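Visitor: The following file, input22.cif, comprises mmCIF, C-alpha atoms and all ligand atoms:
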data_final
#
loop_
_atom_site.group_PDB
_atom_site.id
_atom_site.type_symbol
_atom_site.label_atom_id
_atom_site.label_comp_id
_atom_site.auth_asym_id
_atom_site.auth_seq_id
_atom_site.Cartn_x
_atom_site.Cartn_y
_atom_site.Cartn_z
ATOM 1 C CA MET N 1 4.664 63.461 61.375
ATOM 2 C CA LYS N 2 6.832 62.358 64.238
ATOM 3 C CA HIS N 3 4.694 59.244 64.509
ATOM 4 C CA THR N 4 5.175 58.347 60.830
ATOM 5 C CA PHE N 5 8.914 58.770 61.123
ATOM 6 C CA GLY N 6 8.961 56.380 64.049
ATOM 7 C CA LEU N 7 7.094 53.758 62.024
ATOM 8 C CA ILE N 8 9.447 54.093 59.075
ATOM 9 C CA ALA N 9 12.445 53.793 61.357
ATOM 10 C CA ALA N 10 10.972 50.682 62.969
ATOM 11 C CA ALA N 11 10.284 49.162 59.543
ATOM 12 C CA LEU N 12 13.864 49.857 58.459
ATOM 13 C CA VAL N 13 15.263 48.191 61.557
ATOM 14 C CA LEU N 14 13.043 45.163 60.995
ATOM 15 C CA SER N 15 13.931 44.781 57.327
ATOM 16 C CA SER N 16 17.655 45.058 57.940
ATOM 17 C CA ALA N 17 17.363 42.409 60.664
ATOM 18 C CA ALA N 18 15.466 40.181 58.237
ATOM 19 C CA GLN N 19 18.127 40.696 55.585
ATOM 20 C CA ALA N 20 20.868 39.888 58.014
ATOM 21 C CA GLN N 21 19.399 36.485 58.754
ATOM 22 C CA THR N 22 19.487 33.596 56.286
ATOM 23 C CA LYS N 23 17.342 30.534 56.870
ATOM 24 C CA TRP N 24 18.272 27.156 55.456
ATOM 25 C CA ASP N 25 16.403 23.861 55.532
ATOM 26 C CA LEU N 26 18.344 20.650 55.973
ATOM 27 C CA PRO N 27 16.369 17.506 55.056
ATOM 28 C CA ALA N 28 17.749 14.254 56.499
ATOM 29 C CA ALA N 29 16.423 10.718 56.196
ATOM 30 C CA TYR N 30 17.177 9.123 59.560
ATOM 31 C CA PRO N 31 15.414 9.495 62.916
ATOM 32 C CA ALA N 32 16.223 12.440 65.196
ATOM 33 C CA THR N 33 17.917 10.118 67.714
ATOM 34 C CA ASN N 34 20.250 8.551 65.122
ATOM 35 C CA PHE N 35 23.876 9.637 65.601
ATOM 36 C CA HIS N 36 24.031 11.287 62.165
ATOM 37 C CA SER N 37 20.954 13.374 63.012
ATOM 38 C CA VAL N 38 22.246 14.261 66.473
ATOM 39 C CA ASN N 39 25.472 15.380 64.815
ATOM 40 C CA LEU N 40 23.514 17.523 62.343
ATOM 41 C CA ALA N 41 21.688 19.207 65.220
ATOM 42 C CA THR N 42 25.011 20.035 66.904
ATOM 43 C CA PHE N 43 26.368 21.269 63.578
ATOM 44 C CA ALA N 44 23.361 23.579 63.083
ATOM 45 C CA ALA N 45 23.732 24.920 66.641
ATOM 46 C CA ASP N 46 27.457 25.514 66.050
ATOM 47 C CA VAL N 47 26.727 27.469 62.860
ATOM 48 C CA ASP N 48 24.093 29.520 64.674
ATOM 49 C CA LYS N 49 26.550 30.363 67.440
ATOM 50 C CA ALA N 50 29.526 31.069 65.156
ATOM 51 C CA THR N 51 27.480 33.414 62.952
ATOM 52 C CA ALA N 52 25.643 35.073 65.876
ATOM 53 C CA GLY N 53 22.347 33.862 64.446
ATOM 54 C CA LYS N 54 22.992 35.082 60.890
ATOM 55 C CA LEU N 55 22.636 31.606 59.405
ATOM 56 C CA LYS N 56 19.821 29.521 60.858
ATOM 57 C CA ILE N 57 19.775 25.896 59.713
ATOM 58 C CA THR N 58 16.652 23.881 60.491
ATOM 59 C CA VAL N 59 17.296 20.137 60.480
ATOM 60 C CA HIS N 60 14.333 18.017 59.316
ATOM 61 C CA PRO N 61 15.192 14.436 60.351
ATOM 62 C CA GLY N 62 13.209 11.259 59.678
ATOM 63 C CA ALA N 63 12.558 12.032 55.989
ATOM 64 C CA SER N 64 9.965 14.573 57.174
ATOM 65 C CA LEU N 65 10.717 17.165 54.496
ATOM 66 C CA PHE N 66 11.884 14.939 51.621
ATOM 67 C CA LYS N 67 12.090 11.167 51.289
ATOM 68 C CA ALA N 68 15.620 9.758 51.302
ATOM 69 C CA PRO N 69 15.964 9.267 47.524
ATOM 70 C CA GLU N 70 14.653 12.818 46.848
ATOM 71 C CA ILE N 71 17.069 14.765 49.022
ATOM 72 C CA LYS N 72 19.901 15.042 46.502
ATOM 73 C CA ARG N 73 17.662 16.497 43.815
ATOM 74 C CA ALA N 74 16.056 18.857 46.332
ATOM 75 C CA VAL N 75 19.460 20.331 47.194
ATOM 76 C CA GLN N 76 20.472 20.473 43.536
ATOM 77 C CA GLY N 77 17.268 22.326 42.633
ATOM 78 C CA GLY N 78 17.492 24.672 45.618
ATOM 79 C CA GLN N 79 14.263 23.456 47.285
ATOM 80 C CA ALA N 80 16.598 22.770 50.208
ATOM 81 C CA GLN N 81 19.851 24.698 50.602
ATOM 82 C CA ILE N 82 21.640 21.832 52.366
ATOM 83 C CA GLY N 83 20.855 18.154 52.915
ATOM 84 C CA GLU N 84 22.164 14.790 54.051
ATOM 85 C CA ILE N 85 22.279 11.899 51.587
ATOM 86 C CA LEU N 86 23.404 8.277 51.597
ATOM 87 C CA LEU N 87 25.998 8.266 48.803
ATOM 88 C CA ALA N 88 25.602 4.555 47.973
ATOM 89 C CA ALA N 89 21.916 5.082 47.184
ATOM 90 C CA TYR N 90 22.957 7.014 44.072
ATOM 91 C CA GLN N 91 25.226 4.382 42.529
ATOM 92 C CA ASN N 92 23.019 3.972 39.445
ATOM 93 C CA GLU N 93 23.472 7.655 38.654
ATOM 94 C CA TRP N 94 27.255 7.469 38.891
ATOM 95 C CA GLN N 95 29.219 4.382 39.940
ATOM 96 C CA MET N 96 31.640 6.384 42.095
ATOM 97 C CA PHE N 97 28.816 7.272 44.506
ATOM 98 C CA GLY N 98 28.548 3.568 45.255
ATOM 99 C CA ALA N 99 32.205 2.826 45.999
ATOM 100 C CA ASP N 100 31.644 2.732 49.757
ATOM 101 C CA GLY N 101 28.631 0.432 49.359
ATOM 102 C CA LEU N 102 30.596 -2.497 47.908
ATOM 103 C CA PRO N 103 31.097 -5.543 50.140
ATOM 104 C CA PHE N 104 34.636 -6.077 51.467
ATOM 105 C CA LEU N 105 36.352 -3.216 49.671
ATOM 106 C CA ALA N 106 36.816 -1.264 52.924
ATOM 107 C CA THR N 107 35.702 -2.986 56.107
ATOM 108 C CA SER N 108 37.370 -1.083 58.966
ATOM 109 C CA TYR N 109 37.083 2.551 60.013
ATOM 110 C CA ALA N 110 40.704 3.136 58.975
ATOM 111 C CA ASP N 111 40.161 1.678 55.491
ATOM 112 C CA SER N 112 36.859 3.454 55.190
ATOM 113 C CA MET N 113 38.619 6.770 55.841
ATOM 114 C CA LYS N 114 41.240 5.874 53.231
ATOM 115 C CA LEU N 115 38.508 5.106 50.727
ATOM 116 C CA TYR N 116 36.827 8.409 51.549
ATOM 117 C CA ASN N 117 40.056 10.273 50.888
ATOM 118 C CA ALA N 118 40.389 8.507 47.527
ATOM 119 C CA GLN N 119 36.769 9.310 46.663
ATOM 120 C CA LYS N 120 36.735 12.909 47.858
ATOM 121 C CA PRO N 121 38.333 14.772 44.925
ATOM 122 C CA ILE N 122 36.086 13.115 42.329
ATOM 123 C CA LEU N 123 33.031 13.471 44.549
ATOM 124 C CA GLN N 124 33.734 17.193 44.861
ATOM 125 C CA LYS N 125 34.203 17.479 41.100
ATOM 126 C CA LYS N 126 30.973 15.634 40.306
ATOM 127 C CA LEU N 127 28.919 17.565 42.844
ATOM 128 C CA ALA N 128 30.381 20.868 41.591
ATOM 129 C CA GLU N 129 29.233 19.980 38.070
ATOM 130 C CA GLN N 130 25.780 19.465 39.558
ATOM 131 C CA GLY N 131 25.797 22.836 41.320
ATOM 132 C CA MET N 132 26.587 21.510 44.771
ATOM 133 C CA THR N 133 29.466 21.114 47.158
ATOM 134 C CA LEU N 134 30.388 18.396 49.630
ATOM 135 C CA LEU N 135 30.558 19.785 53.159
ATOM 136 C CA TYR N 136 31.403 16.592 55.035
ATOM 137 C CA ALA N 137 30.785 12.846 55.129
ATOM 138 C CA VAL N 138 30.536 10.322 57.964
ATOM 139 C CA ALA N 139 30.613 6.528 57.784
ATOM 140 C CA TRP N 140 27.833 4.365 59.180
ATOM 141 C CA PRO N 141 28.995 1.500 61.405
ATOM 142 C CA PRO N 142 29.964 -1.735 59.576
ATOM 143 C CA GLN N 143 27.138 -3.616 57.889
ATOM 144 C CA GLY N 144 26.047 -7.064 59.047
ATOM 145 C CA ILE N 145 23.296 -9.538 58.229
ATOM 146 C CA TYR N 146 19.974 -9.514 60.087
ATOM 147 C CA SER N 147 17.697 -12.502 59.667
ATOM 148 C CA LYS N 148 14.546 -14.036 61.020
ATOM 149 C CA LYS N 149 16.082 -17.515 60.705
ATOM 150 C CA PRO N 150 19.632 -18.653 61.502
ATOM 151 C CA VAL N 151 22.088 -18.218 58.636
ATOM 152 C CA THR N 152 24.998 -20.665 58.562
ATOM 153 C CA SER N 153 25.838 -20.083 54.904
ATOM 154 C CA ALA N 154 24.455 -17.887 52.114
ATOM 155 C CA ALA N 155 22.212 -20.798 51.063
ATOM 156 C CA ASP N 156 20.046 -20.041 54.116
ATOM 157 C CA LEU N 157 19.150 -16.698 52.551
ATOM 158 C CA LYS N 158 17.631 -18.277 49.422
ATOM 159 C CA GLY N 159 14.077 -17.051 48.882
ATOM 160 C CA SER N 160 14.217 -14.738 51.899
ATOM 161 C CA LYS N 161 12.453 -11.371 51.577
ATOM 162 C CA TRP N 162 15.493 -9.135 51.696
ATOM 163 C CA ARG N 163 15.290 -5.422 52.367
ATOM 164 C CA ALA N 164 17.585 -3.281 50.182
ATOM 165 C CA TYR N 165 18.510 0.396 50.597
ATOM 166 C CA SER N 166 20.837 0.786 47.594
ATOM 167 C CA PRO N 167 21.577 -0.789 44.203
ATOM 168 C CA ALA N 168 24.390 -2.776 45.835
ATOM 169 C CA THR N 169 22.202 -4.207 48.599
ATOM 170 C CA SER N 170 19.697 -5.295 45.901
ATOM 171 C CA ARG N 171 22.501 -6.919 43.943
ATOM 172 C CA ILE N 172 23.595 -8.887 47.015
ATOM 173 C CA ALA N 173 20.076 -10.284 47.268
ATOM 174 C CA GLU N 174 20.196 -11.408 43.628
ATOM 175 C CA LEU N 175 23.577 -13.040 44.086
ATOM 176 C CA VAL N 176 22.480 -15.043 47.142
ATOM 177 C CA GLY N 177 19.077 -15.877 45.646
ATOM 178 C CA ALA N 178 17.042 -13.726 48.041
ATOM 179 C CA GLN N 179 14.096 -11.533 46.983
ATOM 180 C CA PRO N 180 15.132 -7.864 47.095
ATOM 181 C CA VAL N 181 12.613 -5.236 48.137
ATOM 182 C CA THR N 182 13.700 -1.610 48.450
ATOM 183 C CA VAL N 183 12.611 -0.089 51.752
ATOM 184 C CA GLN N 184 13.969 3.184 53.137
ATOM 185 C CA ALA N 185 15.069 3.314 56.780
ATOM 186 C CA ALA N 186 12.067 5.517 57.628
ATOM 187 C CA GLU N 187 9.715 2.713 56.545
ATOM 188 C CA LEU N 188 11.700 -0.252 57.840
ATOM 189 C CA SER N 189 9.798 -0.866 61.107
ATOM 190 C CA GLN N 190 6.521 -0.803 59.212
ATOM 191 C CA ALA N 191 7.818 -3.229 56.566
ATOM 192 C CA LEU N 192 8.916 -5.647 59.286
ATOM 193 C CA ALA N 193 5.615 -5.433 61.101
ATOM 194 C CA THR N 194 3.735 -6.328 57.931
ATOM 195 C CA GLY N 195 6.065 -9.206 57.092
ATOM 196 C CA VAL N 196 7.427 -7.659 53.885
ATOM 197 C CA VAL N 197 10.990 -8.089 55.184
ATOM 198 C CA GLU N 198 12.702 -11.187 56.656
ATOM 199 C CA SER N 199 16.348 -10.222 56.287
ATOM 200 C CA ASN N 200 18.630 -7.340 55.426
ATOM 201 C CA MET N 201 22.094 -5.887 55.796
ATOM 202 C CA THR N 202 22.601 -2.721 57.774
ATOM 203 C CA SER N 203 24.374 -1.400 60.875
ATOM 204 C CA GLY N 204 23.710 -1.923 64.555
ATOM 205 C CA ALA N 205 22.649 1.740 64.530
ATOM 206 C CA THR N 206 19.755 1.163 62.158
ATOM 207 C CA GLY N 207 19.016 -2.139 63.901
ATOM 208 C CA VAL N 208 18.382 -0.201 67.103
ATOM 209 C CA ASP N 209 16.668 2.775 65.391
ATOM 210 C CA SER N 210 14.154 0.433 63.743
ATOM 211 C CA LYS N 211 13.992 -2.081 66.621
ATOM 212 C CA LEU N 212 14.906 -4.904 64.255
ATOM 213 C CA TYR N 213 15.151 -7.257 67.276
ATOM 214 C CA GLU N 214 11.373 -7.234 67.505
ATOM 215 C CA HIS N 215 11.121 -9.263 64.298
ATOM 216 C CA LEU N 216 14.571 -10.529 63.345
ATOM 217 C CA LYS N 217 16.364 -12.693 65.889
ATOM 218 C CA TYR N 218 19.841 -13.137 64.378
ATOM 219 C CA TYR N 219 22.607 -10.683 63.662
ATOM 220 C CA TYR N 220 25.830 -11.766 61.960
ATOM 221 C CA ASP N 221 28.609 -9.236 62.429
ATOM 222 C CA VAL N 222 30.009 -9.584 58.909
ATOM 223 C CA GLN N 223 31.537 -6.068 58.803
ATOM 224 C CA ALA N 224 31.154 -6.002 55.058
ATOM 225 C CA TRP N 225 31.305 -2.249 54.317
ATOM 226 C CA LEU N 226 30.775 1.188 55.884
ATOM 227 C CA PRO N 227 28.549 3.338 53.675
ATOM 228 C CA LYS N 228 28.740 7.100 54.178
ATOM 229 C CA ASN N 229 26.215 9.835 54.680
ATOM 230 C CA ALA N 230 27.299 13.060 52.999
ATOM 231 C CA VAL N 231 26.133 16.581 53.757
ATOM 232 C CA ILE N 232 25.848 18.541 50.542
ATOM 233 C CA VAL N 233 25.193 22.226 49.946
ATOM 234 C CA ASN N 234 23.565 24.062 47.043
ATOM 235 C CA LYS N 235 26.367 26.123 45.470
ATOM 236 C CA LYS N 236 24.231 29.208 44.767
ATOM 237 C CA ALA N 237 23.006 29.265 48.354
ATOM 238 C CA PHE N 238 26.600 28.935 49.565
ATOM 239 C CA ASP N 239 27.856 31.689 47.254
ATOM 240 C CA ALA N 240 25.113 34.020 48.497
ATOM 241 C CA LEU N 241 26.564 33.912 52.029
ATOM 242 C CA ASP N 242 29.129 36.502 53.079
ATOM 243 C CA LYS N 243 32.694 35.294 53.573
ATOM 244 C CA PRO N 244 32.661 35.077 57.394
ATOM 245 C CA THR N 245 29.450 33.009 57.251
ATOM 246 C CA GLN N 246 30.921 30.694 54.600
ATOM 247 C CA ASP N 247 34.002 30.223 56.762
ATOM 248 C CA ALA N 248 31.889 29.489 59.833
ATOM 249 C CA LEU N 249 29.904 26.887 57.875
ATOM 250 C CA LEU N 250 33.040 25.171 56.579
ATOM 251 C CA LYS N 251 34.602 25.117 60.029
ATOM 252 C CA ALA N 252 31.467 23.690 61.657
ATOM 253 C CA GLY N 253 31.313 21.106 58.850
ATOM 254 C CA ALA N 254 34.900 19.982 59.421
ATOM 255 C CA GLU N 255 34.202 19.657 63.145
ATOM 256 C CA ALA N 256 31.009 17.695 62.468
ATOM 257 C CA GLU N 257 32.957 15.298 60.263
ATOM 258 C CA ALA N 258 35.528 14.535 62.975
ATOM 259 C CA ARG N 259 32.822 14.256 65.626
ATOM 260 C CA GLY N 260 30.700 12.014 63.402
ATOM 261 C CA TRP N 261 33.435 9.467 62.692
ATOM 262 C CA ALA N 262 34.189 9.177 66.418
ATOM 263 C CA ALA N 263 30.475 8.854 67.248
ATOM 264 C CA SER N 264 30.034 6.135 64.617
ATOM 265 C CA GLN N 265 32.625 3.898 66.296
ATOM 266 C CA LYS N 266 31.086 4.338 69.709
ATOM 267 C CA VAL N 267 27.596 3.751 68.299
ATOM 268 C CA ASN N 268 28.815 0.520 66.690
ATOM 269 C CA THR N 269 29.869 -0.926 70.059
ATOM 270 C CA ASP N 270 26.871 0.455 71.943
ATOM 271 C CA THR N 271 24.205 -0.688 69.499
ATOM 272 C CA LEU N 272 25.496 -4.257 69.161
ATOM 273 C CA ALA N 273 25.195 -4.467 72.963
ATOM 274 C CA ILE N 274 21.643 -3.075 72.796
ATOM 275 C CA LEU N 275 20.668 -5.688 70.203
ATOM 276 C CA LYS N 276 21.876 -8.389 72.613
ATOM 277 C CA THR N 277 20.065 -6.872 75.577
ATOM 278 C CA ASN N 278 16.911 -7.055 73.502
ATOM 279 C CA GLY N 279 17.273 -10.765 72.935
ATOM 280 C CA MET N 280 18.994 -10.856 69.586
ATOM 281 C CA ALA N 281 21.719 -13.439 68.901
ATOM 282 C CA VAL N 282 24.716 -11.313 67.894
ATOM 283 C CA GLU N 283 27.321 -13.608 66.382
ATOM 284 C CA ALA N 284 30.383 -13.703 64.201
ATOM 285 C CA PRO N 285 29.586 -15.208 60.782
ATOM 286 C CA SER N 286 30.535 -18.861 60.240
ATOM 287 C CA ALA N 287 33.532 -19.553 57.985
ATOM 288 C CA ALA N 288 31.121 -20.716 55.271
ATOM 289 C CA LEU N 289 28.974 -17.586 55.448
ATOM 290 C CA LYS N 290 32.076 -15.413 55.427
ATOM 291 C CA ALA N 291 33.459 -17.203 52.369
ATOM 292 C CA ASP N 292 30.096 -16.995 50.560
ATOM 293 C CA MET N 293 29.792 -13.275 51.226
ATOM 294 C CA GLN N 294 33.405 -12.685 50.225
ATOM 295 C CA LYS N 295 32.600 -14.301 46.868
ATOM 296 C CA VAL N 296 29.581 -12.030 46.465
ATOM 297 C CA GLY N 297 31.832 -9.059 47.238
ATOM 298 C CA ASP N 298 34.470 -10.123 44.698
ATOM 299 C CA THR N 299 31.806 -10.389 41.998
ATOM 300 C CA MET N 300 30.392 -7.003 42.874
ATOM 301 C CA VAL N 301 33.710 -5.168 42.927
ATOM 302 C CA LYS N 302 34.458 -6.700 39.503
ATOM 303 C CA GLU N 303 31.062 -5.641 38.136
ATOM 304 C CA TRP N 304 31.507 -2.186 39.615
ATOM 305 C CA LEU N 305 34.927 -1.758 37.985
ATOM 306 C CA GLU N 306 33.535 -2.785 34.603
ATOM 307 C CA LYS N 307 30.909 -0.061 34.864
ATOM 308 C CA ALA N 308 33.112 2.533 36.548
ATOM 309 C CA GLY N 309 35.923 2.210 33.967
ATOM 310 C CA PRO N 310 39.254 4.072 34.242
ATOM 311 C CA GLU N 311 37.803 6.555 36.727
ATOM 312 C CA GLY N 312 36.981 3.669 39.053
ATOM 313 C CA GLN N 313 40.385 2.061 38.545
ATOM 314 C CA ALA N 314 42.135 5.340 39.345
ATOM 315 C CA MET N 315 40.108 5.668 42.517
ATOM 316 C CA LEU N 316 40.896 2.086 43.546
ATOM 317 C CA ASP N 317 44.602 2.685 42.882
ATOM 318 C CA ALA N 318 44.509 5.809 45.038
ATOM 319 C CA TYR N 319 42.753 3.848 47.779
ATOM 320 C CA ARG N 320 45.159 0.905 47.697
ATOM 321 C CA LYS N 321 48.314 2.996 47.470
HETATM 322 N N1 LIG N 401 21.723 2.377 57.873
HETATM 323 C C1 LIG N 401 21.060 2.902 56.713
HETATM 324 C C2 LIG N 401 22.090 2.884 55.635
HETATM 325 C C3 LIG N 401 23.262 2.160 56.189
HETATM 326 C C4 LIG N 401 22.949 1.938 57.604
HETATM 327 O O1 LIG N 401 23.697 1.439 58.424
HETATM 328 C C5 LIG N 401 19.889 2.051 56.313
HETATM 329 O O2 LIG N 401 19.819 0.892 56.713
HETATM 330 O O3 LIG N 401 19.063 2.535 55.548
#
Show me the file's structure as structure tokens.
Ligand code: PCA

Guide:
Amino acid sequence: MKHTFGLIAAALVLSSAAQAQTKWDLPAAYPATNFHSVNLATFAADVDKATAGKLKITVHPGASLFKAPEIKRAVQGGQAQIGEILLAAYQNEWQMFGADGLPFLATSYADSMKLYNAQKPILQKKLAEQGMTLLYAVAWPPQGIYSKKPVTSAADLKGSKWRAYSPATSRIAELVGAQPVTVQAAELSQALATGVVESNMTSGATGVDSKLYEHLKYYYDVQAWLPKNAVIVNKKAFDALDKPTQDALLKAGAEAEARGWAASQKVNTDTLAILKTNGMAVEAPSAALKADMQKVGDTMVKEWLEKAGPEGQAMLDAYRK
């Protein structure tokens, strides 16, 4: 009798401990050493600490749980409670997602932050309609051109096998006469090794992550745009948390955002140096290349506005104000 009571008591203790702990999965698409992923790991540790272990977030970097393009739907459907997405990858779904992926709309960290502030209210509204919320977003370092061959003007990109990671990066390829092929960051090294890719636009961060210097010898620091990663949360999962846990999550998210933007700037400087150390020519674009790319950007912003309509215009006005 006494024995049975002890077992029941033990079972009760165990089940209440299990109830008290919530486990979330956080799929992410970039390698564990990437600054976004490192930031996510710190964020998860902060949440663990602030909630005394009540909310355990497991980060799955490197597209190990879901491939990059699948993460948004996974969070929406509740297969993952929280996840990190590249907003610009979803431009075809809704033009506003792609605003930070347009060449030469916002090219500095300061402008990129301004653009984020203009985007934020409509991003929140859209994600809420989809059953999610935006926790935080962090810009990648500015995007430049990587190429196997020297590029003195856009004409040198004609016919080049160009890796794209978003609708906008595919469109750039079309406009310069390159051949776009969509390759996610997780598969980029492989694509280079097999010769599927000869050029692309991305950051120094991804250049180092994927060791682009092993195959591509030229980097032109065009600083064309700063796309953002956003951390999104399934609304039902969020609502199921108690208030102190929700508050802890929001606080850790705000801290991760500030930390991430600072890290991005440092990573920009550091990774361009690493590219050089590894034998890559890291150069400013020629006046001709700059002018060619500026023209591409003008066309794309115009095309984007046509598709985005008044909502896009309102966002641009808010950004430029
Ligand atoms: N790296 C990611 C997106 C932007 C960036 O700098 C990539 O190349 O896939």

Visitor: Counting only C-alpha atoms, which of N:Val196, N:Leu289, N:Leu134, N:Ala205 gets nearest to Pro150 (chain N)?

Guide: N:Leu289

Visitor: So which residues touch Val181 (chain N) within 7 Å, counting only C-alpha atoms, skipping near sequence neighbours fewer than 6 positions away, as a list in words?

Guide: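 Counting only C-alpha atoms, the residues come to Trp162, Arg163 and Ala164 of chain N.
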
Visitor: For the structure shown, which residues end up in the PyMOL selection byres (((chain N and resi 103) around 7) and not hetatm)? Put them as a list in words, please?

Guide: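 This file, filtered by the PyMOL selection byres (((chain N and resi 103) around 7) and not hetatm), leaves Gly101, Leu102, Phe104, Leu105, Ala224, Trp225 and Gly297 of chain N.
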
Visitor: May I ask which of the residues N:Trp140, N:Tyr109, N:Tyr213, N:Phe35 is the closest one to ligand LIG 401 (chain N), counting only C-alpha atoms and all ligand atoms?

Guide: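 Closest to ligand LIG 401 (chain N), using only C-alpha atoms and all ligand atoms: N:Trp140.
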
Visitor: I'd like to see the residues matched by the PyMOL selection byres (((not hetatm)) within 9 of (chain N and resi 401)) on this file, and ideally I'd get them as a PyMOL selection string.

Guide: chain N and resi 29-30+86+88-89+101+139-144+163-166+183-186+188+200-207+226-229

Visitor: Tell me which protein, DNA and RNA residues are within 10 Å of region 300-302 of chain N, counting only C-alpha atoms, leaving out same-chain ones fewer than 2 positions away, and put them as an MDAnalysis selection string.

Guide: chainID N and resid 99 101:105 168 171:172 175 294:298 304:308

Visitor: Please compute the CA of Asn39 (chain N)-CA of Leu135 (chain N) distance, one decimal, in Å.

Guide: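 CA of Asn39 (chain N) sits 13.5 Å away from CA of Leu135 (chain N).
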
Visitor: I'd like to see the residues matched by the PyMOL selection byres (((chain N and resi 116) around 12) and not hetatm) on this file, and ideally I'd get them as a ChimeraX atom specification.

Guide: /N:87,96-101,105-106,109-115,117-124,136-139,226-230,257,261,315-316,318-320

Visitor: Please write as a list in words the list of polymer residues whose atoms come within 7 Å of (24.0, 21.2, 59.0), counting all atoms listed in the file and keeping to the coordinates of the file.

Guide: Leu26, Leu40, Ala41, Phe43, Ala44, Ile57 and Val59 of chain N

Visitor: So how many Å separate CA of Ser160 (chain N) and CA of Thr299 (chain N), to one decimal?

Guide: 20.6 Å

Visitor: For Ala252 (chain N), which residue among N:Val75, N:Val231, N:Leu65, N:Thr269 is the nearest when counting all atoms listed in the file?

Guide: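 Using all atoms listed in the file, Ala252 (chain N) sits closest to N:Val231.
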
Visitor: What is the distance, in Å and to one decimal place, between CA of Ala68 (chain N) and CA of Glu84 (chain N)?

Guide: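 Between these atoms lies a distance of 8.7 Å.
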
Visitor: For a cut-off of 10 Å around (17.7, 21.2, 47.3), file coordinates, pick out all residues using only C-alpha atoms and list them as a PyMOL selection string.

Guide: chain N and resi 25-27+66+70-83+132+232-234+237

Visitor: From the set N:Glu187, N:Lys49, N:Glu93, N:Thr169, which residue has the shortest atom-to-atom contact distance to Ala63 (chain N), counting all atoms listed in the file?

Guide: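 The answer is N:Glu187, which sits nearest to Ala63 (chain N).
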
Visitor: If you count all atoms listed in the file, which residues fall within 12 Å of Ser286 (chain N), apart from same-chain ones fewer than 2 positions away, as JSON, numbers by chain?

Guide: {"N": [145, 150, 151, 152, 153, 154, 219, 220, 221, 222, 283, 284, 288, 289, 290, 291, 292, 293]}

Visitor: Each side padded by 5 Å, which centre and which edge lengths in Å (one decimal) define the axis-aligned box around the listed atoms of region 187-190 of chain N? Give them as AutoDock Vina command-line options.

Guide:
--center_x 9.1 --center_y 0.9 --center_z 58.8 --size_x 15.2 --size_y 13.6 --size_z 14.6

Visitor: Would it be fine to have region 179-190 of chain N, with N, CA and C atoms, given as a PDB file, in the first residue's frame?

Guide:
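Resulting contents of part.pdb:
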ATOM      1  N   GLN N 179      22.600  32.975 -66.719  1.00  0.00           N
ATOM      2  CA  GLN N 179      21.659  31.847 -66.609  1.00  0.00           C
ATOM      3  C   GLN N 179      21.361  31.566 -65.146  1.00  0.00           C
ATOM      4  N   PRO N 180      20.155  31.923 -64.667  1.00  0.00           N
ATOM      5  CA  PRO N 180      19.868  31.721 -63.244  1.00  0.00           C
ATOM      6  C   PRO N 180      19.644  30.251 -62.891  1.00  0.00           C
ATOM      7  N   VAL N 181      20.190  29.838 -61.771  1.00  0.00           N
ATOM      8  CA  VAL N 181      19.894  28.516 -61.228  1.00  0.00           C
ATOM      9  C   VAL N 181      19.715  28.693 -59.720  1.00  0.00           C
ATOM     10  N   THR N 182      18.563  28.261 -59.213  1.00  0.00           N
ATOM     11  CA  THR N 182      18.290  28.448 -57.785  1.00  0.00           C
ATOM     12  C   THR N 182      19.012  27.374 -56.971  1.00  0.00           C
ATOM     13  N   VAL N 183      19.842  27.835 -56.057  1.00  0.00           N
ATOM     14  CA  VAL N 183      20.595  26.928 -55.183  1.00  0.00           C
ATOM     15  C   VAL N 183      20.539  27.514 -53.768  1.00  0.00           C
ATOM     16  N   GLN N 184      20.085  26.736 -52.810  1.00  0.00           N
ATOM     17  CA  GLN N 184      20.051  27.219 -51.428  1.00  0.00           C
ATOM     18  C   GLN N 184      21.467  27.239 -50.851  1.00  0.00           C
ATOM     19  N   ALA N 185      21.666  28.072 -49.836  1.00  0.00           N
ATOM     20  CA  ALA N 185      22.994  28.204 -49.222  1.00  0.00           C
ATOM     21  C   ALA N 185      23.549  26.840 -48.794  1.00  0.00           C
ATOM     22  N   ALA N 186      22.670  25.979 -48.273  1.00  0.00           N
ATOM     23  CA  ALA N 186      23.123  24.669 -47.782  1.00  0.00           C
ATOM     24  C   ALA N 186      23.713  23.803 -48.899  1.00  0.00           C
ATOM     25  N   GLU N 187      23.354  24.090 -50.137  1.00  0.00           N
ATOM     26  CA  GLU N 187      23.851  23.287 -51.264  1.00  0.00           C
ATOM     27  C   GLU N 187      24.865  24.036 -52.130  1.00  0.00           C
ATOM     28  N   LEU N 188      25.272  25.212 -51.690  1.00  0.00           N
ATOM     29  CA  LEU N 188      26.093  26.070 -52.543  1.00  0.00           C
ATOM     30  C   LEU N 188      27.497  25.500 -52.802  1.00  0.00           C
ATOM     31  N   SER N 189      28.148  24.993 -51.760  1.00  0.00           N
ATOM     32  CA  SER N 189      29.498  24.423 -51.941  1.00  0.00           C
ATOM     33  C   SER N 189      29.468  23.302 -52.964  1.00  0.00           C
ATOM     34  N   GLN N 190      28.484  22.442 -52.799  1.00  0.00           N
ATOM     35  CA  GLN N 190      28.297  21.294 -53.701  1.00  0.00           C
ATOM     36  C   GLN N 190      28.101  21.755 -55.151  1.00  0.00           C
TER      37      GLN N 190
END
